[in-house]
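Raw coords-v6.txt, compact mmCIF, C-alpha atoms and all ligand atoms:
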# COMPACT_ATOMS: atom_id res chain seq x y z
CA MET R 1 69.29 36.54 -45.29
CA ALA R 2 66.36 36.36 -47.70
CA ASP R 3 63.08 38.21 -46.94
CA LYS R 4 60.60 36.37 -44.77
CA VAL R 5 57.86 34.51 -46.58
CA HIS R 6 55.15 32.15 -45.37
CA TYR R 7 54.90 28.81 -47.15
CA SER R 8 51.23 29.38 -48.00
CA GLU R 9 52.34 32.24 -50.27
CA LEU R 10 54.38 29.71 -52.24
CA GLY R 11 51.43 27.34 -52.65
CA LEU R 12 52.90 24.78 -50.24
CA VAL R 13 51.12 22.92 -47.45
CA ASN R 14 52.31 21.48 -44.15
CA THR R 15 52.25 17.74 -43.52
CA ARG R 16 49.29 17.51 -41.09
CA GLU R 17 46.50 16.62 -43.50
CA MET R 18 48.72 14.43 -45.70
CA PHE R 19 49.70 12.36 -42.68
CA ALA R 20 46.13 12.05 -41.38
CA LYS R 21 45.02 10.70 -44.77
CA ALA R 22 48.03 8.40 -45.05
CA MET R 23 47.32 6.99 -41.61
CA SER R 24 43.69 6.20 -42.33
CA GLY R 25 44.42 5.02 -45.88
CA LYS R 26 47.32 2.78 -44.75
CA TYR R 27 49.96 4.16 -47.09
CA ALA R 28 53.01 6.42 -46.72
CA ILE R 29 53.82 9.84 -48.14
CA PRO R 30 57.09 9.84 -50.08
CA ALA R 31 59.75 12.30 -48.97
CA TYR R 32 62.26 12.69 -51.77
CA ASN R 33 65.50 14.62 -51.22
CA PHE R 34 66.60 17.01 -53.91
CA ASN R 35 69.54 19.32 -54.57
CA ASN R 36 69.05 20.48 -58.15
CA LEU R 37 66.64 21.34 -60.94
CA GLU R 38 66.47 17.94 -62.64
CA GLN R 39 65.73 16.10 -59.39
CA LEU R 40 62.91 18.49 -58.54
CA GLN R 41 61.48 18.33 -62.07
CA ALA R 42 61.48 14.54 -61.86
CA ILE R 43 59.77 14.49 -58.44
CA VAL R 44 57.05 16.89 -59.58
CA THR R 45 56.46 15.12 -62.89
CA ALA R 46 56.32 11.64 -61.37
CA CYS R 47 54.11 12.66 -58.44
CA ALA R 48 51.77 14.74 -60.61
CA GLU R 49 51.42 11.91 -63.12
CA THR R 50 50.76 9.32 -60.41
CA GLY R 51 48.52 11.62 -58.32
CA SER R 52 50.70 11.30 -55.24
CA PRO R 53 51.01 13.84 -52.43
CA VAL R 54 54.69 14.56 -51.88
CA ILE R 55 57.22 16.01 -49.49
CA VAL R 56 60.24 17.52 -51.19
CA GLN R 57 63.03 17.72 -48.69
CA VAL R 58 66.42 19.34 -48.42
CA SER R 59 69.21 18.68 -45.97
CA LYS R 60 71.33 21.45 -44.45
CA GLY R 61 74.01 20.62 -47.02
CA ALA R 62 71.51 20.69 -49.88
CA ARG R 63 70.29 24.12 -48.75
CA GLN R 64 73.83 25.44 -48.78
CA TYR R 65 74.43 23.84 -52.18
CA ALA R 66 71.26 25.17 -53.82
CA ASN R 67 71.08 28.59 -52.11
CA GLU R 68 68.16 29.44 -49.82
CA THR R 69 66.61 32.08 -52.10
CA MET R 70 66.89 29.84 -55.13
CA LEU R 71 65.24 27.03 -53.17
CA ARG R 72 62.25 29.15 -52.26
CA TYR R 73 61.52 29.89 -55.89
CA MET R 74 62.22 26.33 -56.94
CA ALA R 75 59.59 25.15 -54.45
CA MET R 76 57.14 27.75 -55.74
CA GLY R 77 57.96 26.63 -59.29
CA ALA R 78 57.36 23.02 -58.29
CA VAL R 79 53.81 23.83 -57.18
CA LYS R 80 53.12 25.84 -60.36
CA MET R 81 54.56 23.12 -62.55
CA ALA R 82 52.33 20.49 -60.91
CA ARG R 83 49.26 22.71 -61.52
CA GLU R 84 50.27 23.23 -65.15
CA LEU R 85 50.45 19.47 -65.48
CA GLY R 86 46.80 19.47 -64.39
CA SER R 87 47.48 18.06 -60.95
CA GLN R 88 46.30 19.28 -57.55
CA ILE R 89 48.78 17.22 -55.49
CA PRO R 90 49.71 18.78 -52.15
CA ILE R 91 53.42 19.60 -51.90
CA ALA R 92 55.31 20.21 -48.65
CA LEU R 93 58.84 21.65 -48.46
CA HIS R 94 60.66 20.03 -45.55
CA LEU R 95 64.02 20.52 -43.84
CA ASP R 96 65.67 17.12 -43.45
CA HIS R 97 67.84 16.59 -40.34
CA GLY R 98 67.83 20.14 -39.01
CA ASP R 99 70.57 20.33 -36.40
CA SER R 100 69.84 23.62 -34.59
CA LEU R 101 67.02 25.93 -33.56
CA GLU R 102 68.55 28.69 -35.72
CA LEU R 103 68.53 26.55 -38.88
CA CYS R 104 64.92 25.50 -38.28
CA GLN R 105 63.87 29.11 -37.67
CA SER R 106 65.64 30.23 -40.81
CA CYS R 107 63.82 27.58 -42.84
CA VAL R 108 60.44 28.54 -41.34
CA ASP R 109 61.21 32.18 -42.22
CA SER R 110 62.20 31.35 -45.78
CA GLY R 111 59.09 29.39 -46.75
CA PHE R 112 59.49 25.80 -45.52
CA SER R 113 56.20 24.21 -44.49
CA SER R 114 57.77 21.49 -42.34
CA VAL R 115 61.05 21.05 -40.47
CA MET R 116 62.85 18.20 -38.80
CA ILE R 117 64.87 18.83 -35.68
CA ASP R 118 67.18 15.89 -35.23
CA GLY R 119 68.28 15.82 -31.61
CA SER R 120 68.51 12.04 -31.61
CA HIS R 121 72.23 12.04 -30.82
CA LEU R 122 71.70 14.22 -27.71
CA PRO R 123 70.92 12.98 -24.20
CA TYR R 124 67.14 12.46 -23.91
CA GLU R 125 66.31 15.61 -21.89
CA GLU R 126 68.40 17.80 -24.21
CA ASN R 127 66.63 16.31 -27.23
CA VAL R 128 63.28 17.12 -25.57
CA ALA R 129 64.32 20.70 -24.76
CA LEU R 130 65.69 21.49 -28.23
CA THR R 131 62.75 19.87 -30.01
CA ARG R 132 60.30 21.78 -27.80
CA GLN R 133 61.95 25.09 -28.73
CA VAL R 134 61.66 24.31 -32.44
CA VAL R 135 58.00 23.31 -32.05
CA GLU R 136 57.22 26.54 -30.19
CA TYR R 137 58.66 28.61 -33.04
CA ALA R 138 57.37 26.53 -35.95
CA HIS R 139 53.81 26.19 -34.67
CA ARG R 140 53.44 29.96 -34.53
CA TYR R 141 53.52 29.77 -38.34
CA ASP R 142 51.61 26.47 -38.61
CA VAL R 143 54.79 24.74 -39.78
CA THR R 144 54.81 21.05 -38.80
CA VAL R 145 57.75 19.52 -36.94
CA GLU R 146 59.36 16.08 -37.08
CA GLY R 147 61.46 14.91 -34.14
CA GLU R 148 63.62 11.82 -33.77
CA LEU R 149 64.22 9.24 -31.07
CA GLY R 150 66.87 6.58 -31.52
CA VAL R 151 69.93 6.91 -33.70
CA LEU R 152 70.09 5.28 -37.10
CA ALA R 153 73.01 2.92 -37.44
CA GLY R 154 75.96 4.47 -39.20
CA ILE R 155 77.04 3.11 -42.51
CA GLU R 156 80.04 1.42 -40.94
CA ASP R 157 78.10 -0.21 -38.17
CA GLU R 158 76.75 -3.72 -37.84
CA VAL R 159 73.05 -2.95 -37.66
CA MET R 160 72.18 -6.17 -35.84
CA ALA R 161 74.65 -5.35 -33.09
CA GLU R 162 73.52 -1.78 -32.62
CA VAL R 163 70.75 -2.59 -30.16
CA SER R 164 71.40 0.49 -28.04
CA THR R 165 70.66 2.84 -30.93
CA TYR R 166 67.17 1.53 -31.65
CA THR R 167 64.24 3.69 -30.49
CA ARG R 168 63.13 2.81 -26.98
CA PRO R 169 59.32 2.53 -27.19
CA GLU R 170 59.02 3.38 -23.50
CA GLU R 171 60.21 6.92 -24.32
CA VAL R 172 57.92 7.79 -27.22
CA GLU R 173 54.79 8.96 -25.36
CA ASP R 174 56.73 11.17 -23.00
CA PHE R 175 58.72 12.66 -25.91
CA VAL R 176 55.66 13.45 -28.01
CA ARG R 177 53.76 14.90 -25.04
CA LYS R 178 56.62 17.08 -23.83
CA THR R 179 57.72 18.35 -27.24
CA GLY R 180 54.43 18.67 -29.16
CA VAL R 181 55.98 17.27 -32.36
CA ASP R 182 53.68 16.41 -35.26
CA SER R 183 55.56 13.27 -36.31
CA LEU R 184 58.33 11.08 -34.97
CA ALA R 185 61.24 9.43 -36.78
CA ILE R 186 62.23 6.13 -35.24
CA SER R 187 65.18 3.80 -35.57
CA ILE R 188 64.21 0.20 -36.35
CA GLY R 189 67.21 -1.04 -38.31
CA THR R 190 67.36 1.22 -41.35
CA SER R 191 70.41 3.41 -41.99
CA HIS R 192 71.41 6.17 -44.35
CA GLY R 193 73.34 5.70 -47.57
CA ALA R 194 73.91 2.83 -49.97
CA TYR R 195 75.57 0.34 -47.61
CA LYS R 196 72.92 -0.50 -45.07
CA PHE R 197 73.92 -4.02 -44.10
CA LYS R 198 77.10 -6.03 -44.24
CA ILE R 199 75.99 -9.30 -45.69
CA LYS R 200 77.87 -12.11 -47.41
CA GLU R 201 77.02 -13.51 -50.84
CA GLY R 202 73.76 -15.48 -50.69
CA GLU R 203 72.68 -14.08 -47.32
CA VAL R 204 69.42 -12.14 -47.00
CA VAL R 205 69.25 -8.77 -45.27
CA PRO R 206 68.00 -8.86 -41.68
CA GLU R 207 64.38 -7.91 -41.09
CA LEU R 208 63.59 -4.48 -39.67
CA ARG R 209 62.57 -4.39 -36.00
CA PHE R 210 58.81 -4.43 -36.59
CA ASP R 211 58.36 -5.27 -32.91
CA ILE R 212 59.60 -1.75 -32.05
CA LEU R 213 57.27 -0.20 -34.64
CA THR R 214 54.32 -2.18 -33.28
CA GLU R 215 55.09 -1.23 -29.69
CA THR R 216 55.43 2.44 -30.75
CA GLU R 217 52.06 2.28 -32.52
CA LYS R 218 50.47 0.81 -29.40
CA ARG R 219 51.78 3.63 -27.26
CA LEU R 220 50.97 6.35 -29.81
CA PRO R 221 47.80 5.25 -31.57
CA GLY R 222 47.19 7.19 -34.80
CA PHE R 223 50.42 9.18 -34.48
CA PRO R 224 52.51 9.61 -37.67
CA ILE R 225 55.81 7.70 -37.66
CA VAL R 226 58.68 8.46 -40.06
CA LEU R 227 61.15 6.04 -41.57
CA HIS R 228 64.56 7.38 -42.55
CA GLY R 229 67.24 5.48 -44.42
CA ALA R 230 64.56 3.70 -46.44
CA SER R 231 66.14 3.38 -49.87
CA SER R 232 66.05 -0.10 -51.35
CA VAL R 233 69.44 0.46 -53.05
CA VAL R 234 68.09 -0.71 -56.42
CA GLN R 235 70.52 -3.38 -57.63
CA GLU R 236 69.92 -2.61 -61.32
CA TYR R 237 71.48 0.81 -60.71
CA VAL R 238 74.37 -0.53 -58.65
CA GLU R 239 75.13 -2.95 -61.49
CA LEU R 240 75.00 -0.20 -64.13
CA ILE R 241 77.27 2.02 -62.01
CA ASN R 242 79.79 -0.79 -61.60
CA LYS R 243 79.55 -1.71 -65.30
CA TYR R 244 80.38 1.83 -66.41
CA GLY R 245 83.38 2.60 -64.24
CA GLY R 246 81.87 2.94 -60.76
CA LYS R 247 82.89 1.02 -57.69
CA MET R 248 80.00 0.27 -55.36
CA GLU R 249 80.51 -3.31 -54.25
CA GLY R 250 78.30 -4.56 -51.43
CA ALA R 251 75.71 -1.76 -51.71
CA VAL R 252 72.45 -3.09 -50.28
CA GLY R 253 69.21 -1.59 -48.92
CA ILE R 254 65.75 -2.23 -47.51
CA PRO R 255 63.66 -4.80 -49.41
CA GLU R 256 60.46 -3.37 -50.87
CA ASP R 257 58.17 -5.81 -49.06
CA GLN R 258 59.42 -4.50 -45.71
CA LEU R 259 58.68 -0.93 -46.79
CA ARG R 260 55.18 -1.97 -47.88
CA ARG R 261 54.61 -3.51 -44.48
CA ALA R 262 55.81 -0.35 -42.71
CA ALA R 263 53.64 1.88 -44.93
CA ALA R 264 50.55 -0.19 -44.15
CA GLY R 265 51.15 0.47 -40.45
CA ALA R 266 51.86 3.70 -38.61
CA VAL R 267 54.69 4.80 -40.93
CA CYS R 268 53.29 7.85 -42.74
CA LYS R 269 56.50 9.24 -44.26
CA ILE R 270 59.26 7.31 -45.99
CA ASN R 271 62.52 9.11 -46.80
CA ILE R 272 64.29 8.33 -50.05
CA ASP R 273 67.54 9.93 -51.12
CA SER R 274 70.09 7.24 -52.00
CA ASP R 275 67.92 5.48 -54.62
CA GLY R 276 67.54 8.78 -56.46
CA ARG R 277 71.30 9.36 -56.35
CA LEU R 278 71.90 5.87 -57.71
CA ALA R 279 69.41 6.35 -60.57
CA VAL R 280 71.06 9.63 -61.60
CA THR R 281 74.61 8.30 -61.32
CA ALA R 282 73.81 5.10 -63.21
CA ARG R 283 72.30 6.91 -66.20
CA VAL R 284 74.95 9.65 -66.30
CA ARG R 285 77.75 7.08 -66.21
CA GLU R 286 76.07 4.99 -68.88
CA TYR R 287 75.35 7.95 -71.12
CA LEU R 288 78.88 9.32 -71.02
CA ALA R 289 80.47 5.89 -71.42
CA LEU R 290 78.36 5.10 -74.49
CA ASP R 291 78.69 8.57 -76.01
CA PRO R 292 82.07 9.96 -74.93
CA LYS R 293 81.83 12.86 -77.37
CA GLU R 294 78.69 14.28 -75.76
CA PHE R 295 79.17 17.36 -73.61
CA ASP R 296 75.69 18.87 -73.43
CA PRO R 297 74.49 18.42 -69.82
CA ARG R 298 70.89 18.38 -71.03
CA LYS R 299 71.59 15.07 -72.73
CA TYR R 300 73.04 13.12 -69.84
CA LEU R 301 71.06 14.92 -67.13
CA GLY R 302 67.96 14.46 -69.26
CA ALA R 303 68.59 10.71 -69.27
CA ALA R 304 69.06 10.82 -65.50
CA ARG R 305 65.84 12.79 -65.04
CA LYS R 306 63.91 10.27 -67.15
CA GLU R 307 65.19 7.40 -65.00
CA LEU R 308 64.33 9.28 -61.82
CA ILE R 309 60.74 9.76 -63.03
CA LYS R 310 60.50 6.01 -63.62
CA LEU R 311 61.90 5.22 -60.16
CA ILE R 312 59.59 7.64 -58.34
CA LYS R 313 56.50 6.40 -60.16
CA HIS R 314 57.40 2.86 -59.17
CA LYS R 315 57.89 3.84 -55.51
CA ASN R 316 54.58 5.71 -55.39
CA GLN R 317 52.60 3.00 -57.16
CA ALA R 318 54.15 -0.23 -56.01
CA VAL R 319 55.85 0.42 -52.68
CA LEU R 320 54.46 3.36 -50.67
CA GLY R 321 50.92 3.17 -52.03
CA SER R 322 50.68 6.96 -52.31
CA ALA R 323 49.66 6.99 -56.00
CA GLY R 324 46.10 8.00 -56.80
CA ARG R 325 45.45 9.49 -53.36
CA VAL R 326 44.65 13.01 -54.55
O1 LIG R 401 69.76 11.83 -44.42
C1 LIG R 401 70.49 12.48 -45.15
C2 LIG R 401 70.12 12.74 -46.55
O2 LIG R 401 70.35 11.59 -47.35
C3 LIG R 401 70.79 13.97 -47.07
O3 LIG R 401 72.16 13.79 -47.26
O4 LIG R 401 73.36 15.63 -46.06
O5 LIG R 401 74.38 14.47 -48.04
O6 LIG R 401 72.45 16.03 -48.36
P1 LIG R 401 73.14 15.07 -47.44
P1 LIG R 402 68.45 6.82 -47.77
O1 LIG R 402 69.92 7.12 -47.69
O2 LIG R 402 68.17 5.40 -47.44
O3 LIG R 402 67.85 7.22 -49.09
O4 LIG R 402 67.71 7.69 -46.63
C1 LIG R 402 67.47 9.06 -46.84
C2 LIG R 402 67.02 9.76 -45.62
O5 LIG R 402 66.67 9.17 -44.60
C3 LIG R 402 67.00 11.22 -45.66
O6 LIG R 402 66.70 11.77 -44.42
ZN ZN R 403 67.41 10.73 -42.73
When written as structure tokens, how does the structure in this file appear?
Amino acid sequence: MADKVHYSELGLVNTREMFAKAMSGKYAIPAYNFNNLEQLQAIVTACAETGSPVIVQVSKGARQYANETMLRYMAMGAVKMARELGSQIPIALHLDHGDSLELCQSCVDSGFSSVMIDGSHLPYEENVALTRQVVEYAHRYDVTVEGELGVLAGIEDEVMAEVSTYTRPEEVEDFVRKTGVDSLAISIGTSHGAYKFKIKEGEVVPELRFDILTETEKRLPGFPIVLHGASSVVQEYVELINKYGGKMEGAVGIPEDQLRRAAAGAVCKINIDSDGRLAVTARVREYLALDPKEFDPRKYLGAARKELIKLIKHKNQAVLGSAGRV
């Protein structure tokens, strides 16, 4: 295990102040997943250039992929890079979908400023107990904690039929009070990945359950809500992927106007992973198809990074409203 370090030594911040400002300013903080150098460079560049606070987040799998020590210094490098670009944006390093107390503790110890404990699949009381344990540990170090109530529909599931997996608003106050979490992820019809709804040609995607969001806001006034599975599944990228040898038929996501509506309400954090993956894959496929002799990763990953910067700037400026908030 790597030596212990506190996130403040890396120049990172927790999510408390970012969320308070996002709540009063009626916008959402972007939480972009990353696994490698080019993704992190793109996030920092785009957020520094648009003046957007940002949460850079890694899943358990991403942490294994990147190496925990490497990640710590990447996060520290991200802060320094932003400052060298002349930007004072706050940056939080967050564990996405932590699945155990041990993993959350390890992330707190290695410099994360925020962790998610996802006990949403557990029976309610077990979710409360696990989340409470994580909060007790994390708060000792002023690390903020995200919990989850309600399970996001799986990629194979019919979202409209999955009523039982939506967040039950009648549980949210009790959960927040008993656990002490700093933010709460809810399930209102989004899902992870690139295939969020099964719709036929010409059909529109079903609207998110804004009634559940509204009821949650009523019961938890001013409390930060998190939206997972919030990629729009940008069709331009799906088309490029399919044009250059990919096979992603039927990939569809959350329309931007619904994300804008969520961000204007109590949703303070919007998670985006799949759109970034699509942007990278589209440009890498295109680059290699058009220039089959090229074998310098800087060329095709550079093209991917450029596209990612464009995507993130668009999200910050035109969807989440987080641009120019620093
Ligand atoms: O919600 C999950 C994120 O998109 C991370 O996915 O576990 O494949 O890194 P991953
Ligand atoms: P997407 O798959 O919609 O990008 O969601 C990512 C996410 O929720 C990460 O926790
Ligand atoms: Zn998620």
Point-to-point distance from CA of Gly111 in chain R to CA of Leu12 in chain R, Å rounded to tenths: 8.5 Å
Exercise: range 208-210 of chain R partners within 8 Å, all atoms listed in the file, chain neighbours under 3 positions left out, as number ranges by chain: R: 188-190, 213-214, 258, 262
Nearby residues, ligand LIG 402 (chain R), 9 Å, all atoms listed in the file, as a PyMOL selection string: chain R and resi 31-33+57-59+96-97+190-196+227-233+253-254+270-277
Proximity to Thr216 in chain R - best of R:Arg168, R:Lys178, R:Lys200, R:Lys247, all atoms listed in the file: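 Counting all atoms listed in the file, the residue closest to Thr216 in chain R is R:Arg168.
Proximity of R:Ile186, R:Val145, R:Met70, R:Ala42 to ligand ZN 403 (chain R), computed with only C-alpha atoms and all ligand atoms, is greatest for R:Ile186.
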Atomic distance CA of Arg83 in chain R - CA of Glu307 in chain R, expressed in Å with one decimal: 22.4 Å
Would you give the centre and edge lengths, in Å to one decimal, of a box along x, y and z around the listed atoms of ligand LIG 401 (chain R), with 3 Å added to each side, as lines of an AutoDock Vina configuration file?
center_x = 72.1
center_y = 13.8
center_z = -46.4
size_x = 10.6
size_y = 10.4
size_z = 9.9
Polymer residues at most 7 Å from (46.3, 20.7, -48.8) by only C-alpha atoms, as an MDAnalysis selection string: chainID R and resid 13 17 90
Hey, can you spit out that residue selection with C-alpha atoms as a JSON list (two decimals), keeping the file's coordinate frame?
[["chain", "number", "residue", "atom", "x", "y", "z"],
["R", 13, "VAL", "CA", 51.12, 22.92, -47.45],
["R", 17, "GLU", "CA", 46.50, 16.62, -43.50],
["R", 90, "PRO", "CA", 49.71, 18.78, -52.15]]
Test item: residues at most 12 Å from Val56 in chain R, all atoms listed in the file, excluding those fewer than 5 positions along its chain, as a PyMOL selection string: chain R and resi 12-15+29-36+39-44+47+62+71-72+74-76+78-79+90-96+112-115+269-273
Selected residue, from R:Ile55, R:Leu152, R:Ile312, R:Cys268, that lies nearest to ligand ZN 403 (chain R) when counting all atoms listed in the file: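 Checking each candidate against ligand ZN 403 (chain R), we get R:Leu152 as the closest.
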Within-12 Å shell of (71.8, -9.0, -43.3) in input frame, only C-alpha atoms, as a list in words: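 Here the neighbourhood of the point contains Asp157, Glu158, Val159, Met160, Ala161, Gly189, Thr190, Tyr195, Lys196, Phe197, Lys198, Ile199, Lys200, Glu201, Gly202, Glu203, Val204, Val205, Pro206, Glu207, Leu208, Gly250, Ala251, Val252, Gly253, Ile254 and Pro255 of chain R.
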For ligand ZN 403 (chain R), the nearest of the candidates R:His139, R:Arg261, R:Lys21, R:Lys60, counting all atoms listed in the file: R:Lys60
Distance in Å - CA of Glu170 in chain R versus CA of Arg132 in chain R: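 Computing the Euclidean distance for CA of Glu170 in chain R and CA of Arg132 in chain R yields 18.9 Å.
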Proximity to ligand LIG 401 (chain R) - best of R:Gly51, R:Gly246, R:Pro292, R:Gly98, all atoms listed in the file: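 When distances to ligand LIG 401 (chain R) are compared using all atoms listed in the file, the smallest one comes from R:Gly98.
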Provide range 3-19 of chain R rebuilt to N, CA and C atoms, formatted as a PDB file, in the frame of the given file.
ATOM      1  N   ASP R   3      64.284  37.668 -47.597  1.00  0.00           N
ATOM      2  CA  ASP R   3      63.080  38.210 -46.940  1.00  0.00           C
ATOM      3  C   ASP R   3      62.247  37.059 -46.386  1.00  0.00           C
ATOM      4  N   LYS R   4      61.482  37.400 -45.335  1.00  0.00           N
ATOM      5  CA  LYS R   4      60.600  36.370 -44.770  1.00  0.00           C
ATOM      6  C   LYS R   4      59.437  36.101 -45.718  1.00  0.00           C
ATOM      7  N   VAL R   5      59.052  34.851 -45.796  1.00  0.00           N
ATOM      8  CA  VAL R   5      57.860  34.510 -46.580  1.00  0.00           C
ATOM      9  C   VAL R   5      57.188  33.324 -45.892  1.00  0.00           C
ATOM     10  N   HIS R   6      55.852  33.303 -45.939  1.00  0.00           N
ATOM     11  CA  HIS R   6      55.150  32.150 -45.370  1.00  0.00           C
ATOM     12  C   HIS R   6      54.908  31.131 -46.476  1.00  0.00           C
ATOM     13  N   TYR R   7      55.002  29.860 -46.120  1.00  0.00           N
ATOM     14  CA  TYR R   7      54.900  28.810 -47.150  1.00  0.00           C
ATOM     15  C   TYR R   7      53.591  28.859 -47.932  1.00  0.00           C
ATOM     16  N   SER R   8      52.514  29.348 -47.291  1.00  0.00           N
ATOM     17  CA  SER R   8      51.230  29.380 -48.000  1.00  0.00           C
ATOM     18  C   SER R   8      51.300  30.312 -49.216  1.00  0.00           C
ATOM     19  N   GLU R   9      52.181  31.331 -49.128  1.00  0.00           N
ATOM     20  CA  GLU R   9      52.340  32.240 -50.270  1.00  0.00           C
ATOM     21  C   GLU R   9      53.009  31.561 -51.459  1.00  0.00           C
ATOM     22  N   LEU R  10      53.694  30.455 -51.177  1.00  0.00           N
ATOM     23  CA  LEU R  10      54.380  29.710 -52.240  1.00  0.00           C
ATOM     24  C   LEU R  10      53.508  28.582 -52.792  1.00  0.00           C
ATOM     25  N   GLY R  11      52.333  28.408 -52.189  1.00  0.00           N
ATOM     26  CA  GLY R  11      51.430  27.340 -52.650  1.00  0.00           C
ATOM     27  C   GLY R  11      51.681  26.008 -51.959  1.00  0.00           C
ATOM     28  N   LEU R  12      52.553  26.027 -50.943  1.00  0.00           N
ATOM     29  CA  LEU R  12      52.900  24.780 -50.240  1.00  0.00           C
ATOM     30  C   LEU R  12      51.915  24.501 -49.114  1.00  0.00           C
ATOM     31  N   VAL R  13      51.937  23.279 -48.616  1.00  0.00           N
ATOM     32  CA  VAL R  13      51.120  22.920 -47.450  1.00  0.00           C
ATOM     33  C   VAL R  13      52.012  22.244 -46.414  1.00  0.00           C
ATOM     34  N   ASN R  14      51.556  22.241 -45.151  1.00  0.00           N
ATOM     35  CA  ASN R  14      52.310  21.480 -44.150  1.00  0.00           C
ATOM     36  C   ASN R  14      51.916  20.006 -44.255  1.00  0.00           C
ATOM     37  N   THR R  15      52.445  19.191 -43.353  1.00  0.00           N
ATOM     38  CA  THR R  15      52.250  17.740 -43.520  1.00  0.00           C
ATOM     39  C   THR R  15      51.039  17.185 -42.752  1.00  0.00           C
ATOM     40  N   ARG R  16      50.326  18.016 -42.011  1.00  0.00           N
ATOM     41  CA  ARG R  16      49.290  17.510 -41.090  1.00  0.00           C
ATOM     42  C   ARG R  16      48.211  16.694 -41.806  1.00  0.00           C
ATOM     43  N   GLU R  17      47.609  17.304 -42.829  1.00  0.00           N
ATOM     44  CA  GLU R  17      46.500  16.620 -43.500  1.00  0.00           C
ATOM     45  C   GLU R  17      47.005  15.407 -44.308  1.00  0.00           C
ATOM     46  N   MET R  18      48.157  15.569 -44.943  1.00  0.00           N
ATOM     47  CA  MET R  18      48.720  14.430 -45.700  1.00  0.00           C
ATOM     48  C   MET R  18      48.897  13.219 -44.799  1.00  0.00           C
ATOM     49  N   PHE R  19      49.431  13.469 -43.588  1.00  0.00           N
ATOM     50  CA  PHE R  19      49.700  12.360 -42.680  1.00  0.00           C
ATOM     51  C   PHE R  19      48.395  11.738 -42.161  1.00  0.00           C
TER      52      PHE R  19
END
